[in-house]
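Student: Sharing a structure below in structure tokens format, with a few things to ask.
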Amino acid sequence: MELNNECILILNFLLEYDDEYVKLSQLSEHFKVSEKTIRNRILQIEDFLKSKGFDAVERKYGEGIRLSASEKLREYLKKFKTTFTPYQYVFSSEERKKFIKSELLQSEEPINISYFMSVLDISKNTVIKELNELEEFFEGYGLTLVRKPRIGVYVEGREKDKRLALSKVNSEIMTVSDILNYISTGKGNSKSNTLQFETLFSDMDMDFLDRLIRELEEDSGVELSDTAYGSLITHLVIMIKRIQTDRKILIIDAPIDEHIYSYEIDLAQKILRKIEDHYHIEIPATEVNYIVLHLIGAKVSKGPSLTSEEETGLRSVVEKMILAMESIYSVKFHQFGELLDGLLLHLRPAINRIRFNLSIENPLYDDILIQYRELFQHTKNVCRVLEEYIGKPISNHEISYIMLHFGAALQNSTEEVQPNRVLLVCGTGIGTANMLKSQLKEVYQIQVVDTITARIVKKYPRSHYDLIISTIPIPGMETNEYITINPLLMRGDFEKLDRRLQKRKTLIHQKQDLSVDSLMEIIQKYAEVHNKDQLSLELMMILADKIKSKNHTEGLDLREYLKESNIRVSVPVRTWEEAVDEGCRILENQGSVLKTYSESIKEKLRTLGPYMVIAPGIVLLHTDIDQGVIKTDYSLMTLRQGIRFGKQEYDPVRLVITFATSDGVNHLQALRDLSLLLSEPEKIRTIMNANHKKEIMKELD
């Protein structure tokens, strides 16, 4: 009996509902698959559980299904989800290909296809098909996938290129929190995770390597970020395995200056001597260079101020960058020295990464470009003086880390005494931590007592803090012992924090205002837009969802528009055209639009297709301001039976929402409220199934 990842996701969903009944339609909507697919997966789950002695799936007509989960079943499922058990789990194609890539890049000898067939429980044809699909990946790193009958499959190419490819594969499979969790518990966070860790870390004394890196931190007085820690320990494991199998070791192309980096070279040699003694192996002298690159290119979370003579030039450059940023924003940084030391601490390893062509990726990069586009561009401009100093261009990902330091400084202001003592845990380094620290202090009355890595949380004195806030899961701690948030603070994060922290009385919002028109203008400058109306609608919904501040020019709340006179229940219609007419008729009766408004919407739908169907069973009707709008208004209408608008994945439509805006702005607050409402499927189901207007109005409160 087998389970795949999709079945496990459904199991998790049912477990979260804690013995409550869940309808198939709800599961279908949540997982974006048909009810037939859900039924099949439920049958798979039921058969699997019965084969393990658990008769836990219950059905009740009109209410749905539920998982009657005893403690014994919960314990079994917890173990099953994190333990590698072949033949009981079906890996997805992507999971299999990542495993195959990793195995081929780590193996010195050809691997027989039968090995992949056995471990992944797939056919020979499937293995061959997925090997074909992987050829392009290997070619991208200058490697060749070689297949020899009766011998096996192997990767041919330079050792350097193999390490680069393996590093990429590992980053896809294992996050920093995955690595920390495995080292702490000996288990992965998922089936494919565990399989990869079993392969990579098998026969490795992880406690020894963990102690080795901790000793390195104590000797050097520098605390590696969780990201740097994960990268270094993974490299050491790969190095040891490759030496144990007599594989060639990478020789660094760029020379390491023995005078400038003598301290790092001594540390690297000390590490390697201890590894040689522990594993009884001989490590080539050239491997020192690679460890040195890890040390000088590592992002640190703490360390001493850099005031040595060799940093004098860099200090001068950073001061110029800070002064330039002050000039751009017409501000004075209150903590100039702290910002200077923070940037120097970040830039010393960053410069080494740039000089030795070591890439780094900021996991927040895409979000940064969306939320802090202007600040990012200004940071890029002031970094030109740094590029001149280094003599090489700086990547956008490196610049995004530098931007976080400036963002933190720009948001800092005079602080009042804070009642809540917060311990801040951040896995990606001091820049991210400082940015997050400033955002939290801007909104909440807190005192951030320290910023630390996840690995040392348990060592921190409990009496020194009231609450832990972390950007990554903390190994060995229950999720109710701390608050996990996105480093850029999304809406859901504020909702969690609001329950535990006291807000400031006044908030200063420094992000620039965005509008659909301004975004459309930027997009059309760089791309051809084939459906402006659909893009405009989707941008409008995104903005309504993202904007957190409320402005009086953006109109009334949705509840103010949707009074009883603007709501109709169980309306009988036969076609989508009739649905449009009925939805607009409500607004016509309120004196908000003319008859031409309905005709314009129908013409848009005929010309551009059903782009106004925005979610399963929901259509949001609207058209241009000049098509008969008298005043801003909204209407809501449920249909007696579903009507097809032509959007297969979301049909049939049962909820019709119509809005008109008189100026393109004063409908935004209501649209924002609507976006929040649409994110709550239980409320939407109640509205769709309501028999009376009062039931709908209750959900809008």
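Quick note on naming: the chains in the structure tokens go A, B, ... in the order shown, residues restart at 1 in each chain, and ligands are numbered from 1 in order of appearance.
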Leaving out Val422 (chain A) and any residue of its chain fewer than 2 positions from it, which residues lie within 8 Å of it when counting only C-alpha atoms, given as a ChimeraX atom specification?

Tutor: /A:420,424,446-450,465-469

Student: When you look at Arg640 (chain A) with a cut-off of 6 Å (counting only C-alpha atoms), what residues show up, excluding the ones that are within fewer than 3 positions of it in the same chain? I need them as a count of residues only.

Tutor: 3

Student: So that I can see what lies close to Glu135 (chain A), please list as an mmCIF file with C-alpha atoms, in the first residue's frame the residues with an atom at most 12 Å from it, counting only C-alpha atoms and leaving out residues fewer than 3 positions away in the same chain.

Tutor:
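Output file around_10.cif is given in full below:
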```
data_model
loop_
_atom_site.group_PDB
_atom_site.id
_atom_site.type_symbol
_atom_site.label_atom_id
_atom_site.label_comp_id
_atom_site.auth_asym_id
_atom_site.auth_seq_id
_atom_site.Cartn_x
_atom_site.Cartn_y
_atom_site.Cartn_z
ATOM 1 C CA LYS A 97 15.058 13.865 -9.911
ATOM 2 C CA ILE A 100 19.043 11.104 -8.658
ATOM 3 C CA LYS A 101 21.080 14.281 -9.264
ATOM 4 C CA LEU A 104 25.142 10.828 -9.290
ATOM 5 C CA ILE A 128 15.323 6.375 -18.068
ATOM 6 C CA LYS A 129 12.751 9.098 -18.741
ATOM 7 C CA GLU A 130 13.889 11.167 -15.765
ATOM 8 C CA LEU A 131 17.562 10.696 -16.637
ATOM 9 C CA ASN A 132 16.777 12.127 -20.078
ATOM 10 C CA PHE A 138 24.172 18.656 -16.018
ATOM 11 C CA GLU A 139 25.061 20.377 -19.293
ATOM 12 C CA GLY A 140 24.383 23.718 -17.580
ATOM 13 C CA TYR A 141 27.339 23.005 -15.290
ATOM 14 C CA GLY A 142 29.632 21.747 -18.053
ATOM 15 C CA LEU A 143 29.014 18.116 -17.063
ATOM 16 C CA THR A 144 28.046 15.105 -19.145
ATOM 17 C CA LEU A 145 25.634 12.357 -18.145
ATOM 18 C CA VAL A 146 27.178 9.082 -19.353
ATOM 19 C CA ARG A 147 25.164 5.856 -19.678
ATOM 20 C CA VAL A 153 25.158 5.796 -15.130
ATOM 21 C CA TYR A 154 27.681 8.426 -14.024
ATOM 22 C CA VAL A 155 28.516 12.100 -14.409
ATOM 23 C CA GLU A 156 31.685 13.124 -16.212
#
```

Student: Return the single residue from A:Arg585, A:His692, A:Arg559, A:Arg384 that is closest to Leu674 (chain A), with distances computed using only C-alpha atoms.

Tutor: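 Nearest to Leu674 (chain A): A:Arg559.
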
Student: Which neighbours of Gln377 (chain A) fall inside 12 Å, counting only C-alpha atoms, when residues of the same chain fewer than 2 positions from it are skipped, and could you give them as a list in words?

Tutor: Met325, Ile328, Ile368, Leu369, Ile370, Gln371, Tyr372, Arg373, Glu374, Leu375, Thr379, Lys380, Asn381, Val382, Cys383, Arg384, Asn396, Ile399, Ser400, Ile402, Met403 and Phe406 of chain A

Student: For the selection just defined, write its residues with C-alpha atoms to a file, as an mmCIF file, in the first residue's frame.

Tutor:
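Saved result, selection07.cif, follows:
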```cif
data_model
loop_
_atom_site.group_PDB
_atom_site.id
_atom_site.type_symbol
_atom_site.label_atom_id
_atom_site.label_comp_id
_atom_site.auth_asym_id
_atom_site.auth_seq_id
_atom_site.Cartn_x
_atom_site.Cartn_y
_atom_site.Cartn_z
ATOM 1 C CA MET A 325 22.206 57.704 1.702
ATOM 2 C CA ILE A 328 19.264 61.000 -0.720
ATOM 3 C CA ILE A 368 12.555 43.049 -1.285
ATOM 4 C CA LEU A 369 12.168 44.097 -4.912
ATOM 5 C CA ILE A 370 8.386 44.270 -4.482
ATOM 6 C CA GLN A 371 8.196 46.045 -1.139
ATOM 7 C CA TYR A 372 11.372 48.155 -1.101
ATOM 8 C CA ARG A 373 12.044 48.831 -4.778
ATOM 9 C CA GLU A 374 13.012 52.474 -4.290
ATOM 10 C CA LEU A 375 15.344 51.786 -1.350
ATOM 11 C CA THR A 379 21.343 51.257 -2.320
ATOM 12 C CA LYS A 380 22.487 50.039 -5.724
ATOM 13 C CA ASN A 381 23.483 53.598 -6.625
ATOM 14 C CA VAL A 382 25.503 54.213 -3.455
ATOM 15 C CA CYS A 383 27.219 50.831 -3.917
ATOM 16 C CA ARG A 384 28.980 52.149 -7.022
ATOM 17 C CA ASN A 396 21.836 42.262 -6.861
ATOM 18 C CA ILE A 399 23.153 44.599 -2.737
ATOM 19 C CA SER A 400 19.853 43.417 -1.238
ATOM 20 C CA ILE A 402 23.383 45.803 2.148
ATOM 21 C CA MET A 403 19.965 47.414 1.634
ATOM 22 C CA PHE A 406 20.160 50.929 5.385
#
```

Student: If we count only C-alpha atoms and set the cut-off at 10 Å, which residues sit around Ser662 (chain A), ignoring sequence neighbours fewer than 4 positions away in its own chain? Please answer as a count of residues only.

Tutor: 13

Student: Of the candidates A:Val331, A:Leu636, A:Leu605, A:Val22, which one gets nearest to Leu587 (chain A) if we count only C-alpha atoms?

Tutor: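 Using only C-alpha atoms, Leu587 (chain A) sits closest to A:Leu636.
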
Student: Separation of CA of Ala268 (chain A) and CA of Gln244 (chain A), in Å?

Tutor: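 That distance, rounded to one decimal, is 19.3 Å.
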
Student: Quick one: residues within 12 Å of Ile42 (chain A), only C-alpha atoms, excluding same-chain residues fewer than 3 positions away - as a ChimeraX atom specification?

Tutor: /A:3-4,6-11,13-14,22-24,27-28,35-39,45-49,56-59,64-67

Student: Could you write those residues out with C-alpha atoms, as a compact mmCIF listing (two decimals), in the first residue's frame?

Tutor:
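Result saved to result_9.txt:
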```txt
# COMPACT_ATOMS: atom_id res chain seq x y z
CA LEU A 3 0.99 7.07 -0.11
CA ASN A 4 2.31 10.00 -2.10
CA GLU A 6 -0.49 14.70 -2.06
CA CYS A 7 -2.10 12.11 0.22
CA ILE A 8 0.13 13.16 3.12
CA LEU A 9 -0.90 16.80 2.63
CA ILE A 10 -4.57 15.78 2.85
CA LEU A 11 -3.79 13.75 5.99
CA PHE A 13 -5.22 18.90 6.66
CA LEU A 14 -7.62 16.42 8.27
CA VAL A 22 -14.68 18.34 6.29
CA LYS A 23 -16.60 18.42 3.01
CA LEU A 24 -15.05 17.13 -0.21
CA LEU A 27 -10.75 19.81 0.23
CA SER A 28 -11.18 20.25 -3.52
CA GLU A 35 -13.63 16.25 -6.01
CA LYS A 36 -13.09 13.00 -7.91
CA THR A 37 -9.35 13.28 -7.30
CA ILE A 38 -10.00 13.99 -3.62
CA ARG A 39 -12.22 10.88 -3.36
CA ILE A 45 -5.44 7.07 2.70
CA GLU A 46 -8.18 4.84 4.09
CA ASP A 47 -6.67 1.67 2.59
CA PHE A 48 -3.21 2.61 3.84
CA LEU A 49 -4.41 3.29 7.39
CA ALA A 56 -9.94 6.09 11.33
CA VAL A 57 -11.70 7.56 8.25
CA GLU A 58 -15.37 8.31 8.95
CA ARG A 59 -18.08 9.59 6.58
CA GLY A 64 -18.30 15.13 4.80
CA ILE A 65 -15.44 13.08 6.18
CA ARG A 66 -13.25 13.25 9.25
CA LEU A 67 -10.18 11.57 10.67
```

Student: Can you work out which one of A:Arg499, A:His235, A:Lys60, A:Lys270 has the shortest atom-to-atom distance to Leu164 (chain A), counting only C-alpha atoms?

Tutor: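 The shortest atom-to-atom distance to Leu164 (chain A) comes from A:His235.
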